[in-house]
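Some notes on the structure that comes next.
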Amino acid sequence: MATARRGLGGGSPPDPEAAKDYQKMEGTRGQSSIGTLSNALPSIQRNIFVNQTQPNKYCSNKISTAKYSFISFLPKFLFEQFRRYSNIFFLFIALLQQIPNVSPTGHYTTGIPLLFILCISAVKEVVEDYKRHRADDEVNNRRVLVLRDGNWRHLKWTEVLVSDLVKIMSNQFFPADIVLLSSSEPQGMCYIETSNLDGETNLKVRQGLPETAKLLTHQELLEISGMMECELPNRHLYSFAGNIKLSGRQALPLGPDQLLLRGAVLKNTRWIFGIVVYTGHETKLMLNSTSAPLKRSTVEKVVNSQTLMLFVVLMVLSLISAIANELWTSLHMHEVWYLGFQELEPSNFGYNFLTFFILYNNLIPISLQVTLEIVKFMQAIFINWDQDMYHEDSDTPAFARTSNLNEELGQIKYIFTDKTGTLTRNVMEFRKCSVGGIAYGDNQDSTDQFADPTLLENLHLNHPTAPVIREFLTLLAVCHTVVPERDTEQPGIIHYQASSPDERALVLGARRLGFVFNKRLPHQISVEVFGEEEVYEILNVLEFTSTRKRMSVIVRMPDGTIKLMIKGADTVIYDRLEGDQPFKDITIQHLTDFANLGLRTLCVAVTTIAPDFYDDWKELYFRASTSIQNREKKLEEAAELIERNLQLLGATAIEDRLQDGVIETISNLAKAEIKTWILTGDKQETAVNIGYSCKLFTQSMVLLIINETDIDSTRECLTRHVNEFGEHLRKENEVGLVIDGQTLNFALSYDCCQDFLDVAMSCKGVICCRVSPLQKTEIVNLIRYRVHAISLAIGDGANDVGMIQAAHVGVGISGVEGLQAACASDYSIAQFQYLNKLLFVHGAWSYHRLTKLILYSFYKNICLHLIEFWFAILSGFSGQVLFERWTLGFYNVLFTAAPPFALGLFDRWCSAEAMLRFPVLYKSSQNSEFFNIRIFWLWCLNSVFHSILLFWLVVLALEQDVAFEDGKIGDYLFLGNMVYTYVIVVVCIKAGFEMNAWTWVCHVAIWGSIVFWFVFFTVYCHLWPTIDQAPEMVGMDVNVFGCGIFWIGLFLIPLTTLLRDVMWKVLHRIMFKSIHEEVQELEMKHEDPAKMVIKATRKRLTETARLLKNVFTRSTNRMQEVQSEMQPRGYAFSQEEHGVVLQSELIRAYDTTVEKPEGL
């Protein structure tokens, strides 16, 4: 699978940090080698006994993509939790509180909340991982036929063992890595689809050994015995070496052509027999997967770093207080005789420091983690419940497999997407055609497939182009390597087996138009034309290759004439046309029109061959096909001699059906300034075609196509493009980049990596084709560690697992390619179009809500607990707590717990409709406008300002007047409860100021919290002596509520404290109104904000951008050739090249008049 890394690493890195990041990225790269057993030692090979008891026990076939197992849960969970500095800090505080006479707040006021937080987090992780285990069980519990005890038995995949003989039916996934023995097809051949592994849409042919291809019943399987030797499990998808020694026979070599990999699907083949060689996590598919990584969001990392800074502030405050205590004690020791310093020495500096450290520890909110965990879990449930992301056809809802990354969805800047099954449906449909200079398929009935009656009308009514139409339809039905198969239950229905989805689409199109291909024999085919059977003798098949860009067949027509029928790229067909053609130019125009619609085009042509010329050429072709040296080159030269003097018939246009909403989604992502890169294992022509089809590329864009064969030419090409961009380097330009896997291998080497990155970042769209799963991971890591941008990877196949796990956020498509990608992802959706709602609504809302929750949590904690520092000034820095210990402990748990939940679950800037309609609104969360270091410390400073006002205004009020009519004054708890009440009122109303969407839940959270404190305070002050708790609070409610100053302050102090916040909000709304606020106001007025948004975000193509485009348009001749060849006319064709069985040999093996074996 892996492409070996080549390149020169010469020179020292110019920047140590860049080198460090590069080494991080390089850690994912691997070397590849193809081993054989010719020199393998017994200790490094696997011996499998056929139909015998296995002496060795091998890996179970059970797979797991979950984060935790029963054994690993506790250590992994604790490691993940204590990666958060806040949890380490609170554990340290909880331990300090156990030291006698140190803690002013009791022994358990930190330990119990911390244990509660860890328990909540553990429950959430267990619930989320349980869902992963259920998804794994869905795969593990699939059924397969296994030959046990002399009969076929339906067993679970988990029960499949190495050496088991299995029977796989058509359209089933292979449950393990299997060596093919025989099949229902001739010569032990079978078709497999590997798009789940490498992204290629065409089917591949695998073939069993001739000696085992005759095993067609389970009785014959039971009679064989012997031993199979094979290499030990490894991760190389395209290599396999082994031998099979059947009893009494010579050892037979096995290679990758006999290996059927887990993750692939059996197609166009009724059944196969095979023997299991690798199971479970030893299969090549699973060896290319990595364990589920422990991902952390960027917001969490920022909180982690700022928690460290607050820890430093806490240390400084504790140090200041301890020093001030020493100074105060030394100055007043003899004056304050009532403190008893003569009988008991004052505490030493160390004890005082620890006392203040514990006293101020809640500046870092202990409740934040549990609040975040619960809110994130609820947000994940909102995603799961979203009806707009439910796919009714497949009964598949969106599924958040983790809730730890919800806010990360709101900051995506790069999206890496697979093509097959993610952007496309992997369904080809014949949509349009051009025949004899007339375009067909533009009518309203041809929206999903070709249904233009005009074509057949012109044929039957003897239109001047009728002969051309007849020839065109005949070519579609004859020029291919498709094999027909009649349905066993309904013989009138014909199914077409094809390794090329394009050929299958064309044959189906011909059938709908009355030319039904119904029979294939080794040397002839039968076509039913409007009810009459015509037989064509297949003389030769000149196969398709990426170099030739065409395929042709030489046939003997029913009237005895010999014709060559050919289809291929417009450039190669037009170069071989005879003289002037009557509709050559108009066909080019039609091809361009088809390409503009994103359709895959082929030109078709025909020529008549003289019998004498054919006889001479046949001899030449035979010599070329049996040549020992340069056989492929000589075959191409022979084909050139006969593929000439062509008569153009027209062109076909096939639609590689996109998933619903793909075009709109990519357009919306671009509007939100999210860059989309397509990473696919498919061919370059197909990938580029999809790029145009989904509008990632437009016809007006300059296309840079980089296909190089060595590192020097790659370096030179990249350097040239870097120079061409000039001052526009690393800025988005109307340029698209296409690079193949081989060139990418050189481009990712250290000395080319930065140039490649600069060029890629300068392009509006990037397509990497023919890339391996490992290269997909490398590209994601390149952006992650070099650009430091938040990335999302989305795919549906096993080949996408690496990039899904490497990206900040991994999204799996629950599609037709299996569940491997969905099981390894953080979020799974049924369609690519659901990214709209996932990012622009759930992502942006989650980011906005969680960041505001975090800021508010720090704000309310600093606001209350910094008051302990101000009180220390009045209490001689004695470490005395101003508030009763349990009311202090309940501050986050009861009295201010609801507002953060209201903010985290229900607040929003704009409606979901507006967020979807105007993707530009996503940019504020993407660019961290709501949460960064500056905003964090502004909130902290604001909380310091509020704490000063809340404490000192109360002290000032009590100093200026007598608290009670009888002249009594209150104690420290009287002051503390007044201040505590005002703090609760202020922080709850502050939460209201920060809310953008008021609902009844928000009202309950804010006003309910305030009322709840008053009720609790009244009840709590009357618990003792009924309950032995808080005797010092007895009657405190009467004192506080009976004080006139308290009631006056209840109005004036919160008003004074929040006045600055109100004035700032008013000023900001008037002078610095954001686009969110404008949309919000217009929505409240029930006005359409479209004009305002368009006006605010309109972009114009500058003169410099136009000049840049001209530079690229006038670039090198090679680029112009590539653009003229590939960009305008949409050529694409998928078919396996250089397979185990050549297509020309494959069709000779079939006789569809003979019944296939049932494999009983």
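Chain lettering (A, B, ...) mirrors the order of the structure tokens, residue numbering begins at 1 for each chain separately, and ligand numbering begins at 1 in order of display.
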Inset, instruction - May I have the residues within 7 Å of segment 157-162 of chain A as a VMD selection string, using only C-alpha atoms and disregarding those fewer than 6 positions away in the same chain? - result: chain A and resid 58 60 to 62 140 to 144 175 276 to 279
Legend entry - segment 243-259 of chain A environment, 10 Å, only C-alpha atoms, sequence neighbours closer than 2 positions dropped, as a PyMOL selection string: chain A and resi 36-38+47-50+177-182+188-190+204-209+211-212+224-231+237-241+261-262+274-277+1139-1141
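Our summary of the geometry notes that atom CA of Gly795 of chain A is positioned 5.8 Å from atom CA of Ile813 of chain A.
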Legend entry - For Lys764 of chain A, the nearest of the candidates A:Val1062, A:Leu577, A:Leu729, A:Val1040, counting only C-alpha atoms: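 Nearest candidate to Lys764 of chain A out of A:Val1062, A:Leu577, A:Leu729, A:Val1040: A:Leu729.
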Inset, instruction - For segment 136-139 of chain A, please output as a count of residues only all residues within 8 Å (counting only C-alpha atoms; exclusion window: fewer than 3 positions along the same chain). - result: 10
Inset, instruction - Would you work out the distance separating atom CA of Met995 of chain A from atom CA of Leu903 of chain A, expressed in Å to one decimal? - result: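 That distance, rounded to one decimal, is 6.6 Å.
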Inset, instruction - Per DSSP on the backbone, filter segment 148-336 of chain A down to the residues in strand (DSSP E or B) and report them as JSON, numbers by chain. - result: {"A": [148, 151, 152, 153, 154, 155, 156, 165, 166, 167, 168, 169, 173, 177, 178, 179, 180, 181, 182, 183, 189, 190, 191, 192, 193, 204, 205, 206, 207, 226, 227, 228, 229, 230, 231, 242, 243, 244, 245, 246, 252, 253, 254, 259, 260, 265, 266, 267, 271, 272, 273, 274, 275, 276, 277, 278]}
